[in-house]
Every structure is written in C-alpha cells, then in structure tokens.
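Text of the file my_file.txt, holding compact mmCIF, C-alpha atoms and all ligand atoms:
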# COMPACT_ATOMS: atom_id res chain seq x y z
CA MET N 1 193.86 67.79 209.51
CA VAL N 2 192.44 70.36 211.92
CA LYS N 3 188.92 69.37 213.00
CA VAL N 4 186.62 72.40 212.86
CA GLY N 5 183.16 73.01 214.34
CA ILE N 6 180.93 75.97 213.46
CA VAL N 7 178.11 77.10 215.75
CA GLY N 8 175.58 79.10 213.75
CA GLY N 9 176.13 77.60 210.31
CA THR N 10 173.06 79.05 208.61
CA GLY N 11 173.88 82.73 209.11
CA TYR N 12 175.81 84.88 206.66
CA THR N 13 179.11 84.62 208.53
CA GLY N 14 178.64 80.86 209.08
CA VAL N 15 178.12 80.16 205.39
CA GLU N 16 181.01 82.48 204.54
CA LEU N 17 183.24 80.42 206.88
CA LEU N 18 182.13 77.32 204.97
CA ARG N 19 182.96 78.96 201.62
CA LEU N 20 186.46 79.90 202.80
CA LEU N 21 187.17 76.61 204.60
CA ALA N 22 186.16 74.65 201.47
CA GLN N 23 189.45 75.97 200.03
CA HIS N 24 191.52 75.45 203.19
CA GLU N 25 193.84 72.48 202.70
CA ASP N 26 194.62 71.86 206.39
CA SER N 27 191.17 71.82 207.93
CA GLU N 28 188.04 69.72 207.83
CA VAL N 29 184.65 70.92 209.04
CA VAL N 30 183.19 68.08 211.12
CA ALA N 31 180.33 69.80 212.96
CA ILE N 32 177.97 72.54 211.88
CA THR N 33 175.05 73.64 213.99
CA SER N 34 171.64 75.16 213.47
CA ARG N 35 168.70 74.69 215.80
CA ALA N 36 166.17 75.54 213.10
CA GLU N 37 167.73 73.33 210.39
CA ALA N 38 169.03 70.39 212.47
CA GLY N 39 168.95 67.21 210.38
CA ARG N 40 168.98 68.99 206.98
CA ARG N 41 171.90 68.58 204.64
CA LEU N 42 174.15 71.60 204.22
CA ASP N 43 174.01 71.54 200.44
CA GLU N 44 170.20 71.55 200.47
CA LEU N 45 170.34 75.03 201.94
CA PHE N 46 173.52 76.28 200.27
CA PRO N 47 173.86 74.97 196.70
CA ASN N 48 177.20 76.78 196.22
CA LEU N 49 178.67 74.21 198.66
CA ARG N 50 177.48 71.11 196.75
CA GLY N 51 180.36 68.70 196.31
CA TYR N 52 182.49 70.35 198.99
CA TYR N 53 180.85 68.99 202.14
CA ASP N 54 179.07 65.76 203.07
CA LEU N 55 177.48 67.20 206.23
CA ALA N 56 174.13 67.89 207.86
CA PHE N 57 173.26 70.53 210.46
CA SER N 58 173.05 69.37 214.06
CA GLU N 59 171.93 70.88 217.36
CA PRO N 60 174.70 72.78 219.22
CA ASP N 61 175.86 69.82 221.33
CA VAL N 62 178.79 70.64 223.62
CA ASP N 63 180.30 67.12 223.53
CA LEU N 64 180.37 67.14 219.73
CA LEU N 65 181.90 70.63 219.68
CA ALA N 66 184.43 69.73 222.37
CA SER N 67 185.73 66.94 220.13
CA CYS N 68 186.87 69.58 217.60
CA ASP N 69 190.29 71.26 217.60
CA VAL N 70 188.79 74.65 216.79
CA VAL N 71 185.22 75.94 217.18
CA PHE N 72 183.98 79.11 215.50
CA PHE N 73 180.98 80.90 217.00
CA ALA N 74 179.06 82.61 214.18
CA THR N 75 176.13 83.27 216.49
CA PRO N 76 174.39 86.44 217.69
CA HIS N 77 175.80 88.18 220.74
CA ASN N 78 175.08 86.62 224.15
CA VAL N 79 175.31 82.99 222.90
CA ALA N 80 179.03 82.08 222.94
CA MET N 81 179.56 83.33 226.49
CA HIS N 82 177.38 80.47 227.81
CA LEU N 83 179.14 77.63 225.93
CA VAL N 84 182.75 78.76 225.69
CA PRO N 85 183.87 77.91 229.27
CA GLU N 86 183.14 74.20 228.76
CA LEU N 87 184.89 74.11 225.40
CA LEU N 88 187.99 75.81 226.80
CA ALA N 89 188.03 73.36 229.71
CA ALA N 90 188.02 70.51 227.17
CA GLY N 91 191.09 72.03 225.48
CA THR N 92 189.30 73.24 222.35
CA ARG N 93 190.40 76.53 220.77
CA VAL N 94 187.57 79.01 220.28
CA ILE N 95 187.24 81.82 217.74
CA ASP N 96 184.22 83.98 218.48
CA LEU N 97 182.85 86.19 215.70
CA SER N 98 180.33 87.81 218.05
CA ALA N 99 181.03 90.58 220.55
CA ASP N 100 180.91 88.43 223.69
CA TYR N 101 184.63 88.66 224.47
CA ARG N 102 185.64 91.86 222.69
CA ILE N 103 185.25 94.27 225.59
CA ARG N 104 187.44 93.78 228.65
CA ASP N 105 185.20 95.55 231.14
CA ALA N 106 182.20 93.31 231.98
CA GLU N 107 180.19 96.31 233.26
CA LEU N 108 180.72 98.27 230.07
CA TRP N 109 179.88 95.15 228.04
CA SER N 110 176.58 94.66 229.81
CA GLN N 111 175.65 98.35 229.36
CA TRP N 112 175.86 97.90 225.58
CA TYR N 113 174.68 94.30 225.23
CA GLY N 114 171.79 94.40 227.65
CA GLU N 115 172.52 91.57 230.11
CA PRO N 116 175.17 90.54 232.63
CA HIS N 117 178.13 88.72 231.11
CA ALA N 118 177.88 84.96 231.69
CA SER N 119 181.64 84.25 231.82
CA PRO N 120 183.37 87.51 232.81
CA GLU N 121 186.34 85.55 234.22
CA LEU N 122 187.42 84.83 230.62
CA LEU N 123 187.49 88.46 229.44
CA ALA N 124 191.05 89.11 230.61
CA ASP N 125 192.45 86.12 228.70
CA ALA N 126 190.49 86.56 225.47
CA VAL N 127 192.69 88.08 222.75
CA TYR N 128 191.23 90.72 220.44
CA GLY N 129 191.65 89.14 217.02
CA LEU N 130 193.05 91.95 214.92
CA PRO N 131 196.28 90.35 213.64
CA GLU N 132 197.75 93.69 212.57
CA ILE N 133 198.15 94.64 216.26
CA ASN N 134 197.93 91.38 218.21
CA ARG N 135 199.60 88.68 216.09
CA GLU N 136 201.88 87.36 218.83
CA GLN N 137 199.11 87.13 221.44
CA ILE N 138 196.76 85.45 218.94
CA ALA N 139 199.39 82.78 218.28
CA LYS N 140 199.33 81.82 221.98
CA ALA N 141 195.59 82.28 222.61
CA GLN N 142 192.97 79.65 223.31
CA LEU N 143 190.11 82.19 222.95
CA VAL N 144 190.10 84.85 220.25
CA ALA N 145 187.42 87.56 220.00
CA CYS N 146 187.20 88.66 216.39
CA PRO N 147 186.63 92.40 215.95
CA GLY N 148 183.34 93.72 214.58
CA CYS N 149 183.07 94.68 210.95
CA TYR N 150 182.97 98.47 211.38
CA PRO N 151 185.74 98.30 214.03
CA THR N 152 188.01 96.39 211.62
CA ALA N 153 187.66 99.01 208.86
CA ILE N 154 187.97 101.95 211.26
CA GLU N 155 190.81 100.63 213.42
CA LEU N 156 192.98 99.67 210.44
CA GLY N 157 192.51 103.18 209.05
CA LEU N 158 193.56 104.90 212.28
CA ILE N 159 196.31 102.64 213.71
CA PRO N 160 199.30 104.33 212.00
CA LEU N 161 198.10 107.82 212.96
CA LEU N 162 197.45 106.98 216.61
CA GLU N 163 200.52 104.81 217.11
CA SER N 164 202.71 107.65 215.88
CA GLY N 165 200.91 110.26 218.00
CA LEU N 166 200.41 112.53 214.99
CA VAL N 167 196.69 113.20 215.53
CA GLU N 168 194.49 114.43 218.38
CA PRO N 169 193.03 111.30 220.01
CA SER N 170 190.01 113.12 221.39
CA ASN N 171 188.73 114.57 218.16
CA ILE N 172 188.24 111.77 215.64
CA ILE N 173 185.22 111.29 213.38
CA ALA N 174 184.31 108.02 211.68
CA SER N 175 181.53 108.05 209.10
CA ALA N 176 181.01 104.53 207.78
CA ALA N 177 178.53 102.75 205.53
CA SER N 178 177.73 99.04 205.35
CA GLY N 179 175.89 96.72 203.00
CA THR N 180 172.84 94.90 204.36
CA SER N 181 174.56 91.54 205.00
CA GLY N 182 176.13 93.30 208.01
CA ALA N 183 172.79 92.98 209.73
CA GLY N 184 172.72 89.18 209.40
CA ARG N 185 170.31 86.82 207.68
CA GLN N 186 167.34 87.13 210.00
CA ALA N 187 164.31 88.79 208.45
CA LYS N 188 163.94 92.45 209.44
CA ILE N 189 161.63 94.97 207.77
CA ASP N 190 164.36 97.64 207.68
CA ASN N 191 166.50 95.37 205.50
CA LEU N 192 163.90 94.40 202.89
CA ALA N 193 165.04 95.19 199.33
CA SER N 194 162.01 97.46 198.96
CA GLU N 195 163.06 99.48 202.02
CA VAL N 196 166.76 99.72 201.21
CA SER N 197 167.02 99.90 197.41
CA GLY N 198 167.61 103.35 195.97
CA SER N 199 168.00 104.87 199.41
CA PHE N 200 170.72 105.75 201.94
CA LYS N 201 170.39 106.52 205.62
CA ALA N 202 172.29 106.87 208.85
CA TYR N 203 171.40 104.87 211.96
CA GLY N 204 172.73 104.44 215.50
CA VAL N 205 173.90 108.07 215.56
CA GLY N 206 173.16 108.45 219.27
CA GLY N 207 175.29 105.43 220.14
CA HIS N 208 176.24 102.21 218.36
CA ARG N 209 177.63 99.18 220.25
CA HIS N 210 180.80 99.27 218.15
CA LEU N 211 181.78 102.61 219.69
CA PRO N 212 183.14 101.23 223.01
CA GLU N 213 184.96 98.46 221.12
CA ILE N 214 186.73 100.91 218.79
CA GLU N 215 187.58 103.31 221.61
CA GLN N 216 188.96 100.46 223.75
CA CYS N 217 191.18 99.14 220.95
CA LEU N 218 192.53 102.52 219.89
CA SER N 219 193.04 103.77 223.46
CA LEU N 220 195.10 100.68 224.37
CA LEU N 221 197.13 101.16 221.21
CA SER N 222 197.82 104.87 221.59
CA GLY N 223 198.23 104.91 225.35
CA SER N 224 195.74 107.78 225.75
CA ASP N 225 191.96 108.05 225.81
CA VAL N 226 190.66 108.00 222.27
CA SER N 227 187.19 109.40 221.74
CA LEU N 228 185.30 109.08 218.54
CA THR N 229 182.15 110.32 216.88
CA PHE N 230 180.93 107.25 214.98
CA VAL N 231 178.07 107.47 212.49
CA PRO N 232 177.10 104.24 210.66
CA HIS N 233 174.96 104.20 207.51
CA LEU N 234 173.09 101.53 205.58
CA LEU N 235 173.99 101.17 201.90
CA PRO N 236 171.71 99.64 199.25
CA MET N 237 174.12 96.79 198.46
CA VAL N 238 174.78 93.38 199.99
CA ARG N 239 178.49 93.31 200.92
CA GLY N 240 181.06 95.91 201.81
CA ILE N 241 181.99 98.66 204.24
CA HIS N 242 183.42 102.05 203.35
CA ALA N 243 184.69 104.10 206.29
CA THR N 244 185.73 107.74 205.95
CA LEU N 245 187.82 108.85 208.92
CA PHE N 246 188.68 112.42 209.91
CA ALA N 247 191.49 113.16 212.38
CA ARG N 248 193.08 116.50 213.36
CA LEU N 249 196.85 116.72 213.02
CA ASN N 250 198.58 117.78 216.23
CA LYS N 251 201.04 119.92 214.28
CA PRO N 252 199.42 120.91 210.98
CA GLY N 253 201.90 121.85 208.30
CA GLU N 254 204.69 119.74 209.83
CA GLN N 255 203.73 116.57 207.93
CA SER N 256 203.14 116.49 204.21
CA ILE N 257 200.83 113.95 202.59
CA GLU N 258 203.99 112.23 201.31
CA ASP N 259 205.17 111.80 204.94
CA LEU N 260 201.83 110.26 205.95
CA GLN N 261 201.74 108.05 202.87
CA ARG N 262 205.20 106.74 203.84
CA LEU N 263 204.05 106.20 207.44
CA PHE N 264 201.11 104.05 206.29
CA GLU N 265 203.17 102.13 203.72
CA ASN N 266 205.86 101.34 206.29
CA ARG N 267 203.32 100.33 208.96
CA TYR N 268 201.56 97.88 206.66
CA ARG N 269 204.53 96.78 204.49
CA ASP N 270 204.53 93.22 205.90
CA GLU N 271 200.78 92.86 206.32
CA PRO N 272 199.37 90.38 203.79
CA PHE N 273 195.83 91.75 203.99
CA VAL N 274 196.22 95.53 204.28
CA ASP N 275 196.90 97.41 201.09
CA VAL N 276 197.78 101.11 201.12
CA LEU N 277 196.76 102.47 197.73
CA PRO N 278 198.91 105.01 195.86
CA ASN N 279 198.20 108.59 196.88
CA GLY N 280 195.34 110.07 194.88
CA THR N 281 193.48 106.78 194.31
CA PHE N 282 190.37 106.05 196.33
CA PRO N 283 189.39 102.60 197.63
CA GLN N 284 186.09 101.11 196.48
CA THR N 285 184.12 98.31 198.09
CA ARG N 286 183.83 96.18 194.94
CA ALA N 287 187.63 95.79 194.76
CA VAL N 288 187.64 93.93 198.10
CA LYS N 289 184.35 92.06 197.64
CA GLY N 290 184.89 88.37 198.51
CA ALA N 291 188.54 89.01 199.50
CA ASN N 292 190.20 89.21 202.93
CA HIS N 293 191.65 92.61 202.12
CA CYS N 294 191.43 96.07 203.57
CA GLN N 295 192.29 98.78 201.05
CA LEU N 296 193.17 102.22 202.38
CA SER N 297 194.05 105.64 201.08
CA LEU N 298 194.59 109.03 202.69
CA MET N 299 194.65 112.76 201.92
CA ILE N 300 195.11 116.11 203.65
CA PRO N 301 192.48 118.15 201.78
CA GLN N 302 193.71 121.67 200.94
CA GLN N 303 196.81 120.97 203.08
CA ARG N 304 194.80 122.11 206.13
CA ASP N 305 194.75 120.52 209.59
CA THR N 306 192.67 117.36 208.97
CA VAL N 307 193.81 114.05 207.57
CA VAL N 308 191.10 112.00 205.83
CA VAL N 309 191.53 108.22 205.61
CA MET N 310 189.28 106.03 203.47
CA SER N 311 189.10 102.34 204.37
CA THR N 312 187.22 99.54 202.63
CA ILE N 313 186.62 95.90 203.53
CA ASP N 314 184.13 93.14 202.76
CA ASN N 315 182.18 92.96 206.04
CA LEU N 316 181.79 89.18 205.69
CA VAL N 317 185.46 88.49 204.90
CA LYS N 318 188.07 90.80 206.54
CA GLY N 319 185.16 92.10 208.67
CA ALA N 320 184.19 88.63 209.95
CA SER N 321 184.84 85.13 208.54
CA GLY N 322 188.07 85.83 206.64
CA GLN N 323 189.62 87.47 209.68
CA ALA N 324 188.39 84.51 211.77
CA VAL N 325 190.20 82.06 209.43
CA GLN N 326 193.28 84.31 209.49
CA ASN N 327 193.18 84.07 213.30
CA MET N 328 192.83 80.28 213.13
CA ASN N 329 195.88 80.07 210.86
CA ILE N 330 197.92 82.17 213.29
CA MET N 331 196.76 80.14 216.33
CA LEU N 332 197.74 76.88 214.62
CA GLY N 333 201.02 78.10 213.16
CA LEU N 334 199.77 77.68 209.58
CA PRO N 335 200.62 80.10 206.75
CA GLU N 336 198.50 83.16 207.51
CA ASP N 337 196.92 83.27 204.06
CA ARG N 338 195.89 79.59 203.97
CA GLY N 339 192.36 79.50 202.48
CA LEU N 340 192.39 83.27 202.03
CA ARG N 341 193.90 83.89 198.61
CA GLN N 342 190.65 85.06 196.96
CA VAL N 343 190.90 88.13 194.75
CA GLY N 344 188.21 90.88 194.90
CA LEU N 345 185.22 90.40 192.59
CA LEU N 346 185.33 93.21 190.02
CA PRO N 347 182.76 94.22 188.73
N1 LIG Z 1 177.16 89.91 209.23
C1 LIG Z 1 178.33 90.55 209.37
O1 LIG Z 1 178.80 91.26 208.47
C2 LIG Z 1 179.12 90.39 210.63
C3 LIG Z 1 178.66 89.67 211.72
N2 LIG Z 1 179.40 89.57 212.85
C4 LIG Z 1 178.89 88.85 214.00
O2 LIG Z 1 178.91 87.44 213.73
C5 LIG Z 1 177.81 86.79 214.37
C6 LIG Z 1 176.97 86.08 213.33
O3 LIG Z 1 176.45 87.04 212.43
P1 LIG Z 1 175.55 86.64 211.19
O4 LIG Z 1 176.13 85.47 210.50
O5 LIG Z 1 175.36 87.90 210.43
O6 LIG Z 1 174.20 86.24 211.95
P2 LIG Z 1 172.90 85.52 211.41
O7 LIG Z 1 171.77 86.10 212.15
O8 LIG Z 1 172.91 85.61 209.91
O9 LIG Z 1 173.11 83.97 211.86
C7 LIG Z 1 173.08 83.58 213.18
C8 LIG Z 1 173.34 82.06 213.29
O10 LIG Z 1 173.41 81.71 214.67
C9 LIG Z 1 172.47 80.64 214.98
N3 LIG Z 1 171.91 80.94 216.30
C10 LIG Z 1 171.08 81.97 216.64
N4 LIG Z 1 170.81 81.94 217.96
C11 LIG Z 1 171.49 80.88 218.46
C12 LIG Z 1 171.58 80.32 219.78
N5 LIG Z 1 170.95 80.87 220.82
N6 LIG Z 1 172.34 79.22 219.94
C13 LIG Z 1 173.00 78.64 218.90
N7 LIG Z 1 172.92 79.13 217.63
C14 LIG Z 1 172.19 80.24 217.42
C15 LIG Z 1 171.45 80.72 213.86
O11 LIG Z 1 170.93 79.42 213.58
P3 LIG Z 1 169.77 78.74 214.45
O12 LIG Z 1 168.94 79.87 215.00
O13 LIG Z 1 169.03 77.86 213.48
O14 LIG Z 1 170.47 77.95 215.53
C16 LIG Z 1 172.27 81.19 212.67
O15 LIG Z 1 172.90 80.10 212.03
C17 LIG Z 1 177.03 87.89 215.11
O16 LIG Z 1 177.46 87.99 216.43
C18 LIG Z 1 177.41 89.13 214.33
O17 LIG Z 1 177.20 90.26 215.08
C19 LIG Z 1 180.64 90.11 212.95
C20 LIG Z 1 181.15 90.81 211.91
C21 LIG Z 1 180.43 91.04 210.67
C1 LIG Z 2 174.42 96.92 208.49
C2 LIG Z 2 174.28 96.53 209.94
O1 LIG Z 2 173.19 96.49 210.48
N1 LIG Z 2 175.41 96.22 210.58
C3 LIG Z 2 175.41 95.80 211.97
C4 LIG Z 2 176.82 95.60 212.47
C5 LIG Z 2 177.46 94.47 211.90
C6 LIG Z 2 178.02 93.48 212.86
O2 LIG Z 2 178.21 92.41 212.47
O3 LIG Z 2 178.28 93.81 214.14
P1 LIG Z 2 179.12 92.86 215.08
O4 LIG Z 2 180.40 92.68 214.41
O5 LIG Z 2 179.25 93.56 216.35
O6 LIG Z 2 178.44 91.62 215.23
C7 LIG Z 2 174.86 96.84 212.91
O7 LIG Z 2 175.06 98.01 212.70
O8 LIG Z 2 174.32 96.41 213.94
If you convert what's in this file into structure tokens, what do you get?
Ligand SMILES: NC(=O)C1=CN([C@@H]2O[C@H](COP(=O)(O)OP(=O)(O)OC[C@H]3O[C@@H](n4cnc5c(N)ncnc54)[C@H](OP(=O)(O)O)[C@@H]3O)[C@@H](O)[C@H]2O)C=CC1
Ligand SMILES: CC(=O)N[C@@H](CCC(=O)OP(=O)(O)O)C(=O)O
Amino acid sequence: MVKVGIVGGTGYTGVELLRLLAQHEDSEVVAITSRAEAGRRLDELFPNLRGYYDLAFSEPDVDLLASCDVVFFATPHNVAMHLVPELLAAGTRVIDLSADYRIRDAELWSQWYGEPHASPELLADAVYGLPEINREQIAKAQLVACPGCYPTAIELGLIPLLESGLVEPSNIIASAASGTSGAGRQAKIDNLASEVSGSFKAYGVGGHRHLPEIEQCLSLLSGSDVSLTFVPHLLPMVRGIHATLFARLNKPGEQSIEDLQRLFENRYRDEPFVDVLPNGTFPQTRAVKGANHCQLSLMIPQQRDTVVVMSTIDNLVKGASGQAVQNMNIMLGLPEDRGLRQVGLLP
C-alpha cells in the first residue's frame, strides 16, 4: 500500500483527492492536514466520505508528512515551496497542485506570484505534470508540478496544432470560462451565489497568472515563442471549464477539417483521458463532470484561415486532483487509470 499525505485537506481539491483516493486500491491516506480544523474528524466535515476514512485533520507536521511515500499539496500558492525541500530530502515524492513549481524562471514566477521563490533550486528538476507531453519524465520524477486548470484545458486543445507547426504561434486566442469551484473554498464576495447566479463576466483580461504558464509549456513544445491572448470568465455553475481556442493556419486551404480531425485523433489515440469527439459535435462541461476526461472538438468555420478548438474538463478532476492522481500512478508504475474510472455525471 502506498502511504499518502495531503496538505490542505479541507479545500475543494483536497476533498476531491479524498473522493478519488477512496476508490484507489493501491493507496491509503494516512495524513491529512488543516490548520483550522486540526483535531476534527474528516467525516464530520465531509459526510460523503463517511465509512471510507477513519482519520482526523492534523497540523501540517513535516515529520508526519515525511513518513509518507507520496505527499500532495492542495494548498494555495506560496505554501509548498517552503515545505517541499525537507520532504524531498527525506525521500518522499511530492505532487504539488499549486503553481509553486510550474514556472522554470524564478524571476518570472515572482513577478506573477508576488514574492521571491523560497526554493528556486528545485525549479529545474520539477516536472510539469501534464502526462500527455511529459509521461516519461513524470515516471522518473520526485517532484511533479501539476498544471493549472485553465492551462490543462487550453494546452490539450493546442498541442497537436503547435507540435505539427500548422498554426501561427504568435497569434493564438484562448477564451475560457470556469465554474466557481475554480476559485477555491475560501469565502469571497465575488463568488457568492447571489453575485454569480444568472450572470456571466470576464476577469483577469489585463493579465492572468496562468498566461506565463501556458506560454512556457506551449513554447517548449513547439520550439518557438508562443504568445497568447487569454481571457478567463466566471460561469454561474460549480464545476467545469470550457475553453474556446482560435489559431490561424499557416497555410489556409492546405488542410481540410478532415486532415485536422485525423491529426487530433492520431495524437490522442493512446491517451486514456483525452477524447476527440466526432467532427460536428461540441463538447459540454456536464459530460466530463466528476471524470478525469478532457473532451475536444474542432472546426474551420467557413473554411477560412482560423481553426477553432473547443476543450472541456472538470476543473477539480482533470484540472487538478484527477490529474494529480494520474501523475501519482505514473510515478509509482501503477496502471494510469487506477482510481480514475469515473464516468461524467449527465445530467
Ligand atoms: N480549485 C480548482 O479548480 C483548482 C485549484 N488548483 C490549485 O490547488 C490548490 C488548492 O486549491 P483549492 O483546493 O481550490 O484551495 P482552497 O482554498 O479550497 O483550500 C486550501 C487548503 O489549503 C490549506 N491551507 C491554506 N493555507 C495554508 C498554509 N499556509 N499552510 C498549510 N495549509 C494551508 C487550507 O486549510 P487550512 O487553512 O485550515 O490549513 C485548505 O485546506 C491551489 O494552489 C489552487 O490554485 C489547481 C487547479 C484547479
Ligand atoms: C474561477 C477562478 O477563479 N479560477 C481561478 C483559477 C483556478 C486555479 O485553480 O488556478 P491554479 O491552478 O493556478 O491554482 C482563477 O482564475 O484564479
């Protein structure tokens, strides 16, 4: 049995990790932290987990965490970077759901995250945890930085186009919308039901911290500088991300939609969690709700020069905790879909 610790067990991604790991035959959660709820039983707070765990929350104690085989950080940014060095030194594998180790350049990281990085020496060795591009490195990694939720949806939608060099890397637009659980469980006026219900708005248009992460990933992949206009929106629902991506074809008219459909299907043929829908069908967030799947479809409207890709995920599953469990499975040499066979919750 793999002994698992979770730092930040009362947040949305922490409790989603617990839901997924309750169905994971090869792991046992032995430590779960919350400073605010230390001493309280897990199932007092989360009744859906009654009968699955006999555990109480504890303070984030490094010795306890270092006794685990794998520790997940489901904490806000700027927390993991202080604790991870000690855990790595103790031989523990770390899977960080926050952004602390996603960006390789410590200067760039601190521009977006507002303080100097506390363990910049680890940035070069941390592996970006998107299995669809980094599976082999993840298998050998001791520290995996899980991608953000918007980056997961956007990168999966653009990988085949950029890898093949078919689109202009400097002229890509990503318009994406997220449910409110993307903002975490902490109380914020902007996320009250009375503020969000029956409404739809953009935010972060002038610059969102996921922009440098997406540009870094796609630039490394394509071998040229990718630049993106990224506009996130808040949707009046709890779970789900829908990203609509617009990219200019380098040689319009040379590729038909059938060619691009084949490109995507071939790229993702062996990927257990990326599903390219038949041409003409559009992905919807409810079909991936609760599941570790990304569903994609694409079109070239009016056969002009722009390819439009639509990409959907559940922000808490493929966008966070599901992808984190997928990374754990790869790191430990377990079947990649262990604990991740949930089907989307329609309706
Ligand atoms: N929500 C989403 O869809 C996604 C989230 N992420 C990332 O995952 C991480 C967790 O997100 P989410 O679950 O939404 O966050 P929440 O705000 O819902 O939960 C945060 C958790 O971290 C704990 N925590 C907060 N500060 C500290 C600290 N200084 N030391 C130790 N524990 C701390 C909190 O418990 P306590 O304060 O009691 O200790 C709580 O359990 C974030 O980095 C987020 O950006 C990534 C992808 C998607
Ligand atoms: C709806 C909403 O507010 N979403 C969050 C992003 C979600 C997220 O989890 O960002 P990380 O993966 O970088 O942690 C936001 O825009 O800040």
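With distances restricted to only C-alpha atoms, N:Glu163 is the closest residue to Gly223 in chain N from N:Glu163, N:Glu168, N:Glu136, N:Glu86.
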Enclose ligand LIG 2 (chain Z), meaning all of its atoms listed in the file, in a box aligned along x, y and z, pad it by 6 Å on each side, and list the centre and edge lengths in Å to one decimal, as JSON.
{"center_x": 176.8, "center_y": 94.8, "center_z": 212.4, "size_x": 19.2, "size_y": 18.4, "size_z": 19.9}
- Please identify the residues whose atoms come within 8 Å of ligand LIG 1 (chain Z), using all atoms listed in the file, and report them as JSON, numbers by chain. {"N": [7, 8, 9, 10, 11, 12, 13, 14, 15, 33, 34, 35, 36, 37, 38, 59, 60, 73, 74, 75, 76, 77, 78, 79, 80, 96, 97, 98, 99, 146, 147, 148, 149, 150, 181, 182, 183, 184, 185, 186, 239, 315, 316, 319, 320, 321]}
- Query: Between N:Ile330, N:Ala153, N:Met310, N:Leu221, which has the minimum distance to ligand LIG 2 (chain Z) (counting only C-alpha atoms and all ligand atoms)?
  - Reply: N:Ala153
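Proximity ranking of N:Val84, N:Ile95, N:Ala141, N:Ala22 relative to Ala118 in chain N places N:Val84 first, based on all atoms listed in the file.
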- Task: Identify, on the basis of only C-alpha atoms, every residue whose closest approach to His233 in chain N does not exceed 7 Å; exclude the query and any residue fewer than 5 positions from it along the same chain; express the result as number ranges by chain.
- Result: N: 176-178, 201-203
- Task: Could you give me, as a PyMOL selection string, the residues within 7 Å of Arg267 in chain N, counting only C-alpha atoms and dropping anything in the same chain fewer than 3 positions from it?
- Result: chain N and resi 160+263-264
Same residues, C-alpha atoms, output as a PDB file, in the coordinates of the input:
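Writing done, so here's selection-v4.pdb:
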ATOM      1  CA  PRO N 160     199.300 104.330 212.000  1.00  0.00           C
ATOM      2  CA  LEU N 263     204.050 106.200 207.440  1.00  0.00           C
ATOM      3  CA  PHE N 264     201.110 104.050 206.290  1.00  0.00           C
TER       4      PHE N 264
END
- Task: Would you please work out which residue, of N:Ala66, N:Ala89, N:Val144, N:Leu296, is nearest to Tyr268 in chain N when using all atoms listed in the file?
- Result: N:Leu296
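Omitting Val30 in chain N and its sequence neighbours fewer than 2 positions away, and counting all atoms listed in the file, the residues within 8 Å are N:Lys3, N:Val4, N:Gly5, N:Glu28, N:Ile32, N:Leu55, N:Cys68.
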- Just how far from CA of Thr285 in chain N is CA of Glu213 in chain N, in Å to one decimal? 23.0 Å
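For the residues N:Ala56, N:Ala124, N:Val274, N:Val2, ranking by smallest atom-to-atom distance to Ala31 in chain N using all atoms listed in the file places N:Ala56 first.
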